[in-house]
Amino acid sequence: MGLDSLVFQDFLVALIVLAALGFSVWKLMPARRRLRVLLAFDGWSARHPSLARWRERSLKPRIARAAGVGCDGCGANDVRRPHRPR
Amino acid sequence: MVSGLVESAAIDSGRDASQSLVTRLRDLGFVPGARCEVVARMWLGGDPIAVRIGGSTFALRRAEAAAVRVEISASHARDAVAHAGSSAVPA
Amino acid sequence: MDATVTPLRIALVGVPNCGKTALFNRLTGSRQKVANYPGVTVERREGERATPDGRGMRVLDLPGTYSLNPTTLDEAITRDVLLGRLADTPAPQLVVCVVDSVHLPIGLRLALEVKRLGLPMVLALNRMDVARRRNVHIDAARLAAELGVPVVPTIAVKRGGADALVGVVEGGRWAAPGASATALQEHDAEDAERVQRELRGLLVASGYSPPRVSPWFGRIDALLLHPVAGLAILLAVLFVMFQAVFSWAEAPMNWIEAAMNSLGGFTAAHMPAGPLSSLLVNGVIGGAGSVLVFLPQIIILFFFILALEDSGYLPRAAYLLDRLMGSVGLSGRAFIPLLSSHACAIPGIMATRTIPNWRDRLTTIMIAPLMTCSARLPVYGLLIAALVPARAVGPFNLQGLVLFTLYAAGIVSALLVAFVMKQFTRHRQYSPLMLELPDFQWPNASNLLLGLWERVKIFLSRVGGIILALMVVLWFLSSYPQPPPGATGPAIQYSLAGRLGAALEYVFAPIGFNWQIAIALVPGLAAREVAVAALGTVYAMSAAGDDLSAALEPVIASSWSLATGASLLAWYVFAPQCLSTLAVVKRETNSWRYPLIMAGYLFALAYLASFIIFRVVRAWA
């Protein structure tokens, strides 16, 4: 089984497309709904501590910030180091 | 450029300058005895003007500047920058 | 819980342009959090700093205000936080009044107002280095003695410039200035008089004298603010900006395009033919790669925007344009939000919070998307490069001229829309200008580079993120279902996307869009530059035979009519191809009504403009 195999290629492509689809949907969702989805998974992630840590430390705060500031789609609102400190 | 001492910043009846505008002008430093200087004026008689006061420079519209009465200092006897009640008020 | 264990709550207060945010950055470094005050859309900037005693401090950067008598929402928040009126935000335990030493009176006056609140206070004399250079000498010790609070010099822009302040705060050598927190009374004339007297006394005691105005800056300002010369200079600056965006970017763009082409060719040659190869070459490289090419233009554009912002020129431009803006019913303060919208409408729309009047603010929000945002640049860049010859017109470059015209079209249409909106408001409430023109400073090189780097990161993460993902999905929709055996024509026409495009073509035919454009506009709703990537993917897949690595530009140049290109340009001047913007408008206006109205009127204008342009260009060309 190598890249020559069409079946393998189809499998890989399907994987990539599904990942891209999921990612697009996720990114285009309004930030608050994303937060709600994350919170819905709270129970599930309790059984996977390492995943939970990543969620708490980086994913949740990032979305909470996006929810406060505007929309994650633009990224221009990621004001962590304002370049205009007057 | 015209410079002078602020005489007063007050509401002139008959205009729609609100108390909050006058208060804000005072907060920016337009108080009696302060030295001010007009550093630039736009066309049509000056709307807006750039005024230097207390070390800072502000852009004021005619209607805002009109609330400030200024006593022109002797060395710059040019037309007055703003008189309470005399200038035409923009719509 | 023991009070000494929780972090110390500090708030930074000061007038705008005093360097408060620089000090905040100095104190908290990268450990900042930006959110919102509950119920309102004012940014809440909070950071943390560790202290050797382990307690730590939590620093809140309050919006700049000239007085505790607010005129805008921003300022009201500052007052409310200090009074402890906001439910979620307890009053600070210590207030650091940041004062620009060069402009001591205005900052000190605010400090006196804060002092009367009775909260523990420390005064930070910022920009002492600049003050010294401008011949302003302040006796900090004397000031502290007269004022009754610790006074600490700081230089926020230098490393270690806040150490003294941190030392004083950690040392705990501050205490409530005596009076208990009183309710804030409205300013009355007597009250103001008292504050002024106290202020005068303090200024005399500290030895403050107004800063020496450098004759050079005085002359430059006279020129920049001159009614005729100033406007001419403004126009020239903008012109140079747009010319540079094309001419400076040309070489690096060609380089990136060549790299993409060779990458595509390499991939196609070294991979067995099949869906994976097609995905990588057409979807990824052809798609996302098409947008990547525009990175140099984005960098140059932002270089100018950031430099202008940092130098202090922008409020002067607002001054020059105030009359013009007033004639269409816009507040003079609308200039800076509208200018920010040239980078991206979202921060521009958020910046409208500094506009006190609701009607003015709404008008500004509604026209902000008409400002040519940086995401339109790949679209404009592609179409102009493909369809406009790189000729010289006098000293100018024709392509740069067209770009300038597009930017101007955005601005002019915004002014017209504002004018129309003005007709619908019955009572014209006066909206003040009262804008501070800050001192000039040379744009700080490290700030500039930092800002540019941020922009590059944002662009790359957009390309590598949502754009890439959408292109993969688009590739999929353009590949399946596969054409039946014996079918002629490019495979894409039989796919889902192809059929959707064919259907949409009916809608867009009157304005000259072919089905490829029609398809590209759908994912293009996510963000404007996605359309370029989508066109890249769609055309890559429409390519016959092994012509898999053909670049987008020549394909468009050879297959589109000038009228179609012009029509698409006109479409992009108006169309709200950015869901994020609409989402932000919903947030800022707290209703669905306004984003829907916005989307409606913008799409209508886009269709109308495209229709007219298409017919006119077709008849004329």
# chains A, B, ... in the order shown; residues from 1 in each chain; ligands from 1
>>> interface_residues(of="chain C", to="chain B", cutoff="7 Å", atoms="only C-alpha atoms", output="list in words")
Tyr66, Ser67, His103, Pro105, Ile106, Pro210, Pro211, Ala222, Leu225, His226, Pro227, Tyr319, Arg323, Leu433, Met434, Leu435, Glu436, Leu437 and Pro438 of chain C
>>> write_last_selection(atoms="N, CA and C atoms", output="short mmCIF file (atom, residue, chain, number, x, y, z; two decimals), in the first residue's frame")
data_model
loop_
_atom_site.label_atom_id
_atom_site.label_comp_id
_atom_site.auth_asym_id
_atom_site.auth_seq_id
_atom_site.Cartn_x
_atom_site.Cartn_y
_atom_site.Cartn_z
N TYR C 66 -10.48 62.40 29.54
CA TYR C 66 -10.03 63.72 29.91
C TYR C 66 -10.60 64.16 31.25
N SER C 67 -11.65 63.47 31.67
CA SER C 67 -12.31 63.93 32.89
C SER C 67 -13.19 62.81 33.42
N HIS C 103 2.91 67.30 29.07
CA HIS C 103 1.62 67.97 29.16
C HIS C 103 1.04 67.77 30.55
N PRO C 105 -0.33 69.83 32.88
CA PRO C 105 -1.58 70.40 33.40
C PRO C 105 -2.80 69.53 33.17
N ILE C 106 -2.94 69.03 31.94
CA ILE C 106 -4.18 68.34 31.62
C ILE C 106 -4.26 66.99 32.36
N PRO C 210 5.47 75.38 30.27
CA PRO C 210 5.05 74.73 29.03
C PRO C 210 6.25 74.32 28.19
N PRO C 211 6.15 73.24 27.46
CA PRO C 211 7.31 72.73 26.73
C PRO C 211 7.75 73.67 25.63
N ALA C 222 2.61 73.91 10.75
CA ALA C 222 1.95 74.98 10.02
C ALA C 222 1.68 74.53 8.58
N LEU C 225 -1.00 71.59 8.50
CA LEU C 225 -2.34 72.00 8.85
C LEU C 225 -2.85 73.13 7.96
N HIS C 226 -2.02 73.55 7.02
CA HIS C 226 -2.43 74.61 6.12
C HIS C 226 -3.58 74.13 5.25
N PRO C 227 -4.63 74.97 5.10
CA PRO C 227 -5.83 74.50 4.39
C PRO C 227 -5.56 73.99 2.98
N TYR C 319 -8.40 66.60 11.18
CA TYR C 319 -8.62 68.04 11.23
C TYR C 319 -8.87 68.59 9.83
N ARG C 323 -14.26 69.36 7.82
CA ARG C 323 -15.29 70.13 7.13
C ARG C 323 -16.04 69.24 6.15
N LEU C 433 -16.06 68.09 17.88
CA LEU C 433 -14.81 67.55 17.36
C LEU C 433 -13.84 67.42 18.52
N MET C 434 -13.34 68.53 19.01
CA MET C 434 -12.46 68.55 20.19
C MET C 434 -11.47 67.40 20.20
N LEU C 435 -10.66 67.37 19.18
CA LEU C 435 -9.72 66.29 19.01
C LEU C 435 -8.33 66.77 19.38
N GLU C 436 -7.60 65.95 20.10
CA GLU C 436 -6.24 66.36 20.43
C GLU C 436 -5.32 66.05 19.27
N LEU C 437 -4.44 66.98 18.96
CA LEU C 437 -3.42 66.74 17.95
C LEU C 437 -2.13 66.45 18.69
N PRO C 438 -1.78 65.18 18.85
CA PRO C 438 -0.61 64.86 19.67
C PRO C 438 0.67 65.35 19.01
#
>>> residues_around(residues="stretch 531-539 of chain C", least_positions_apart="6", cutoff="7 Å", atoms="only C-alpha atoms", output="list in words")
Asn282, Gly283, Gly286, Gly287, Ala288, Ser290, Val291, Pro378, Val379, Met471, Trp475, Gln516, Ile517, Ala520, Leu521, Pro523, Gly524 and Leu552 of chain C
>>> residues_around(residues="C:Ile138", least_positions_apart="4", cutoff="6 Å", atoms="only C-alpha atoms", output="ChimeraX atom specification")
/C:206-208
>>> select_by_dssp(residues="stretch 454-529 of chain C", states="alpha helix (DSSP H)", output="ChimeraX atom specification")
/C:454-462,468-479,496-508,515-521
